[in-house]
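Scroll down for the structure; my scribbles are underneath it.
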Amino acid sequence: MKRQIFRSILAVSLAVLLAVLVLVMGVLYGYFQDRLTAELAQTTAYIAHSVELAGADYLESGLPEGRRVTWVAADGTVLFDNREDPAAMENHAGRAEIRDALLLGHGSAARYSDTLSQRTVYYALRLGDGSVLRLSDSGYSLWMLVVQALQPAAVVVLLALFLALWLAGRVSRRLVAPINAIDWSDPGSQPVYEELAPLVGKLRSQNRQIQSQLWELRRRQETFDAITGHMSEGLLVVDRETRLLSCNGAALRLLDAQAVPEGESVLALDREEGFRRCVEEALEGRRCETLLDRGGRCCRVFANPVEQDGALSGAVLLVLDVTEKERRETLRREFAANVSHELKTPLTSILGTAEILENGMVRAEDTAHFAGNIRREAQRLITLVGDIIKLSRLDEGGPAGAWETVDLYEQAEEVLSRLANAARARQVDMTLEGAHARVRGVGRMIGEIIYNLCDNAVAYNHPGGSVKVTVSEDETGAKLTVADTGAGIPREAQERVFERFYRVDKSHSGSGTGLGLSIVKHSAAYLGARVELDSELGKGSTFTVIFPRDGQ
């Protein structure tokens, strides 16, 4: 703006200077022409008076030098000329100044003389005898005047140019200074030109609008960050060139990645083929879904294209932690396979025995044996189905019974009496120690926990072994401990023994359902208790169930 103002002022100054020079030249030219004509009129009158007194003799001797004198008769014939031969000169009756003098008594004219090759001013005066006396002199043409005034004019122009430059710079700076001094963050806080008042008012209004929009954008961004920051799902937004535009903390955590600098490709977060393919397909306009295995963690990635005004502008990626879901799906498949196997075994035994009986291939004295086999397998099947129903109820979190105050010692005593025959058959000694301890819970579920732990302790013990059940209570709560002298559980299998149908010793697969410890774990979780295992291979295992104190 300053440069434009400077140029405009300079251009105006030069234009005014040029106009002034032209005007001055015109005025000077007119002034010199009028001055010359007046001088010629005065000299002509003087010579005419002398000619009338002295006649033609005066023309021959007393003429002033430097000016041309011509005497013309009334018919236009040249009688005398001090520079040319009158006889060789043409008739002057048609000359403007001669014609005016004959009619009006005097006349003047200015024209370019072919004879003298210059501009000449003429003045004619009629004498008493009707003849005309004319004087002429060379006058300055406008071009000659310009040429003669060129040097002083050039000096004037240069001085004026420097003055114009200085004034233009100074004026432009002074004009622009108030504009440069405007505080654009707060227009109107300082005085400005009256002409700028509407602009400043509009700027102030726009500033308020922009501040309001910025505040709204910040609020929305903070809301968006707060929402996405507390999401357990990962959220990533990328543009068409895969540059990462937005990313929440959950995405970095799920992808085991560090923050990517602004403008970097989202592929820097994860370079797996599945993730890259998902991003590429979304940026090609197709929805994509893939499963990533992150070393024990499963993440499902959903990529969707984003269109704006009908054109693809980027993609949004959602990363979900599906580890638990995949684990449950795996457990479901294993459970279904195990249930099928566990159900098939007794059913196959029952079916085979029934076919033998049906075909009459059994002696009368062996019928009771085969019928007992059918009964045992049917009982095993009923027990398996019952355990499966128990686990299903625990998984669903439905009501398992009324809560009451239960004496752990009495419950353990009742369970040991039920298992006394099985313990004697396996030559395992069972003892109960400790004191009465009362806990809040579902009596049936507490009894099942104790029964399953003691039943496993007997089943997986060796002849001559022992099972010791201890009930105690301290500041943390009531404790039930079942310790056996069996084969023990390998360290690598201790985390899996609570899985459904998992057995450390496959040789015992014919006894029990393989769901006992799983029922213990789920029942304890339902009651708010926790189960601890301490086992050493070849020395036995100790299971401890810690019940919370009343009100905890």
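Residues in the structure tokens are named by chain (A, B, ... in the order shown) and by number from 1 within that chain; ligands are numbered from 1 in the order shown.
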inquiry  = Would you pick out the contacts of region 278-293 of chain A at 8 Å or less, using only C-alpha atoms, so that residues sharing its chain but fewer than 4 positions from it are not included, and give the list as a ChimeraX atom specification?
reply    = /A:240,242,274,297-306,312,314-315,317
Go ahead and save the picked residues with C-alpha atoms, as a PDB file, in the first residue's frame.
```
ATOM      1  CA  ARG A 240      -6.064 -39.339   1.429  1.00  0.00           C
ATOM      2  CA  THR A 242      -2.455 -41.719   4.838  1.00  0.00           C
ATOM      3  CA  GLY A 274      -3.452 -56.582   7.551  1.00  0.00           C
ATOM      4  CA  ARG A 297      -3.765 -59.288  22.510  1.00  0.00           C
ATOM      5  CA  CYS A 298      -6.288 -59.476  19.687  1.00  0.00           C
ATOM      6  CA  CYS A 299      -7.424 -56.241  18.054  1.00  0.00           C
ATOM      7  CA  ARG A 300     -10.108 -55.920  15.428  1.00  0.00           C
ATOM      8  CA  VAL A 301      -9.694 -52.981  13.046  1.00  0.00           C
ATOM      9  CA  PHE A 302     -12.629 -51.429  11.193  1.00  0.00           C
ATOM     10  CA  ALA A 303     -11.704 -48.969   8.410  1.00  0.00           C
ATOM     11  CA  ASN A 304     -14.358 -46.824   6.734  1.00  0.00           C
ATOM     12  CA  PRO A 305     -13.877 -44.303   3.893  1.00  0.00           C
ATOM     13  CA  VAL A 306     -14.912 -40.698   4.470  1.00  0.00           C
ATOM     14  CA  LEU A 312     -13.061 -39.245  -1.003  1.00  0.00           C
ATOM     15  CA  GLY A 314      -9.821 -39.745   4.006  1.00  0.00           C
ATOM     16  CA  ALA A 315     -10.688 -42.625   6.295  1.00  0.00           C
ATOM     17  CA  LEU A 317     -10.216 -46.400  11.676  1.00  0.00           C
TER      18      LEU A 317
END
```
task = Name the residues of region 33-88 of chain A that come out as strand (DSSP E) in a backbone DSSP run; write them as a list in words.
result =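 Checking each residue of region 33-88 of chain A, the strand (DSSP E) ones are Arg68, Val69, Thr70, Trp71, Val72, Val78, Leu79, Phe80 and Asp81 of chain A.
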Let's have the selection written as an mmCIF file, in the first residue's frame, with N, CA and C atoms.
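Output file part07.cif is given in full below:
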```cif
data_model
loop_
_atom_site.group_PDB
_atom_site.id
_atom_site.type_symbol
_atom_site.label_atom_id
_atom_site.label_comp_id
_atom_site.auth_asym_id
_atom_site.auth_seq_id
_atom_site.Cartn_x
_atom_site.Cartn_y
_atom_site.Cartn_z
ATOM 1 N N ARG A 68 12.721 43.912 -41.279
ATOM 2 C CA ARG A 68 12.435 44.023 -42.715
ATOM 3 C C ARG A 68 11.327 45.048 -42.907
ATOM 4 N N VAL A 69 11.546 45.946 -43.887
ATOM 5 C CA VAL A 69 10.584 47.016 -44.187
ATOM 6 C C VAL A 69 10.145 46.865 -45.644
ATOM 7 N N THR A 70 8.824 46.839 -45.787
ATOM 8 C CA THR A 70 8.268 46.706 -47.141
ATOM 9 C C THR A 70 7.205 47.789 -47.319
ATOM 10 N N TRP A 71 7.302 48.444 -48.542
ATOM 11 C CA TRP A 71 6.310 49.498 -48.861
ATOM 12 C C TRP A 71 5.508 49.002 -50.038
ATOM 13 N N VAL A 72 4.211 48.971 -49.844
ATOM 14 C CA VAL A 72 3.325 48.368 -50.843
ATOM 15 C C VAL A 72 2.323 49.413 -51.270
ATOM 16 N N VAL A 78 4.694 45.933 -54.826
ATOM 17 C CA VAL A 78 5.754 46.224 -53.870
ATOM 18 C C VAL A 78 6.585 47.373 -54.397
ATOM 19 N N LEU A 79 6.623 48.503 -53.645
ATOM 20 C CA LEU A 79 7.368 49.670 -54.053
ATOM 21 C C LEU A 79 8.787 49.645 -53.488
ATOM 22 N N PHE A 80 8.940 49.025 -52.296
ATOM 23 C CA PHE A 80 10.250 49.048 -51.667
ATOM 24 C C PHE A 80 10.341 47.844 -50.713
ATOM 25 N N ASP A 81 11.557 47.282 -50.650
ATOM 26 C CA ASP A 81 11.853 46.217 -49.665
ATOM 27 C C ASP A 81 13.343 46.270 -49.382
#
```
query = Which polymer residues have any atom within 10 Å of an atom of Ser541 (chain A), counting only C-alpha atoms, with same-chain residues fewer than 4 positions away left out, as a PyMOL selection string?
reply = chain A and resi 457+460-461+467+482-489+533-537
Resulting file, chosen residues, all heavy atoms, as a short mmCIF file (atom, residue, chain, number, x, y, z; two decimals), in the first residue's frame:
```
data_model
loop_
_atom_site.label_atom_id
_atom_site.label_comp_id
_atom_site.auth_asym_id
_atom_site.auth_seq_id
_atom_site.Cartn_x
_atom_site.Cartn_y
_atom_site.Cartn_z
N ALA A 457 -9.05 -83.74 45.78
CA ALA A 457 -7.92 -84.11 46.65
C ALA A 457 -7.88 -85.62 46.88
O ALA A 457 -6.80 -86.22 46.96
CB ALA A 457 -8.04 -83.39 47.98
N TYR A 460 -7.18 -87.50 43.13
CA TYR A 460 -5.83 -87.36 42.58
C TYR A 460 -4.74 -87.65 43.61
O TYR A 460 -3.61 -87.25 43.45
CB TYR A 460 -5.64 -85.96 41.99
CG TYR A 460 -6.44 -85.75 40.73
CD1 TYR A 460 -7.71 -85.18 40.78
CD2 TYR A 460 -5.94 -86.13 39.49
CE1 TYR A 460 -8.46 -84.99 39.65
CE2 TYR A 460 -6.68 -85.94 38.35
CZ TYR A 460 -7.94 -85.37 38.42
OH TYR A 460 -8.67 -85.20 37.27
N ASN A 461 -5.12 -88.35 44.69
CA ASN A 461 -4.15 -88.71 45.72
C ASN A 461 -3.65 -90.14 45.45
O ASN A 461 -4.14 -90.83 44.55
CB ASN A 461 -4.81 -88.63 47.11
CG ASN A 461 -3.85 -88.12 48.17
OD1 ASN A 461 -2.68 -88.52 48.19
ND2 ASN A 461 -4.35 -87.22 49.03
N VAL A 467 -5.61 -86.08 53.20
CA VAL A 467 -6.23 -84.80 52.85
C VAL A 467 -6.56 -84.09 54.15
O VAL A 467 -7.26 -84.66 55.02
CB VAL A 467 -7.52 -85.00 52.01
CG1 VAL A 467 -8.19 -83.66 51.79
CG2 VAL A 467 -7.22 -85.69 50.71
N VAL A 482 -7.64 -76.70 51.74
CA VAL A 482 -7.68 -78.13 51.45
C VAL A 482 -6.30 -78.52 50.93
O VAL A 482 -5.91 -78.10 49.83
CB VAL A 482 -8.77 -78.49 50.42
CG1 VAL A 482 -8.76 -79.99 50.13
CG2 VAL A 482 -10.13 -78.05 50.93
N ALA A 483 -5.56 -79.30 51.73
CA ALA A 483 -4.19 -79.70 51.37
C ALA A 483 -4.14 -81.21 51.17
O ALA A 483 -4.68 -81.96 52.00
CB ALA A 483 -3.20 -79.26 52.43
N ASP A 484 -3.55 -81.68 50.08
CA ASP A 484 -3.42 -83.11 49.83
C ASP A 484 -1.96 -83.47 49.63
O ASP A 484 -1.10 -82.60 49.49
CB ASP A 484 -4.26 -83.53 48.62
CG ASP A 484 -3.78 -82.91 47.34
OD1 ASP A 484 -2.65 -83.21 46.89
OD2 ASP A 484 -4.53 -82.08 46.74
N THR A 485 -1.71 -84.79 49.62
CA THR A 485 -0.34 -85.30 49.43
C THR A 485 -0.24 -86.03 48.09
O THR A 485 0.49 -87.01 47.97
CB THR A 485 0.03 -86.25 50.58
OG1 THR A 485 -0.92 -87.34 50.63
CG2 THR A 485 0.05 -85.54 51.91
N GLY A 486 -1.01 -85.53 47.11
CA GLY A 486 -1.04 -86.19 45.80
C GLY A 486 0.18 -85.89 44.96
O GLY A 486 1.24 -85.47 45.46
N ALA A 487 -0.02 -86.08 43.64
CA ALA A 487 1.10 -85.94 42.71
C ALA A 487 1.52 -84.49 42.50
O ALA A 487 2.63 -84.22 42.03
CB ALA A 487 0.74 -86.56 41.36
N GLY A 488 0.66 -83.54 42.85
CA GLY A 488 1.00 -82.13 42.63
C GLY A 488 0.69 -81.70 41.20
O GLY A 488 0.37 -82.51 40.32
N ILE A 489 0.78 -80.41 40.97
CA ILE A 489 0.45 -79.82 39.66
C ILE A 489 1.68 -79.10 39.12
O ILE A 489 2.26 -78.27 39.82
CB ILE A 489 -0.72 -78.84 39.77
CG1 ILE A 489 -1.95 -79.53 40.37
CG2 ILE A 489 -1.06 -78.23 38.42
CD1 ILE A 489 -3.08 -78.59 40.70
N LEU A 533 -3.75 -71.10 44.87
CA LEU A 533 -3.21 -72.44 44.67
C LEU A 533 -1.71 -72.43 44.93
O LEU A 533 -0.99 -71.57 44.42
CB LEU A 533 -3.48 -72.92 43.23
CG LEU A 533 -2.76 -74.19 42.78
CD1 LEU A 533 -3.16 -75.38 43.64
CD2 LEU A 533 -3.04 -74.47 41.30
N ASP A 534 -1.28 -73.41 45.73
CA ASP A 534 0.14 -73.60 45.98
C ASP A 534 0.42 -75.09 45.79
O ASP A 534 -0.11 -75.93 46.53
CB ASP A 534 0.50 -73.16 47.40
CG ASP A 534 2.00 -73.30 47.67
OD1 ASP A 534 2.76 -73.39 46.69
OD2 ASP A 534 2.38 -73.34 48.85
N SER A 535 1.21 -75.42 44.80
CA SER A 535 1.44 -76.83 44.49
C SER A 535 2.88 -77.05 44.07
O SER A 535 3.51 -76.17 43.45
CB SER A 535 0.49 -77.29 43.38
OG SER A 535 0.68 -78.66 43.09
N GLU A 536 3.37 -78.23 44.40
CA GLU A 536 4.72 -78.63 44.00
C GLU A 536 4.66 -80.05 43.49
O GLU A 536 4.09 -80.94 44.14
CB GLU A 536 5.69 -78.52 45.17
CG GLU A 536 7.14 -78.75 44.78
CD GLU A 536 8.10 -78.52 45.94
OE1 GLU A 536 7.66 -77.98 46.98
OE2 GLU A 536 9.28 -78.89 45.81
N LEU A 537 5.22 -80.26 42.32
CA LEU A 537 5.14 -81.56 41.67
C LEU A 537 5.76 -82.64 42.57
O LEU A 537 6.89 -82.51 43.05
CB LEU A 537 5.86 -81.52 40.32
CG LEU A 537 5.55 -82.65 39.33
CD1 LEU A 537 4.07 -82.62 38.97
CD2 LEU A 537 6.40 -82.51 38.06
#
```
key: Distance in Å - CA of Thr405 (chain A) versus CA of Arg440 (chain A)   =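 Taking CA of Thr405 (chain A) as the start and CA of Arg440 (chain A) as the end point, the length is 4.6 Å.
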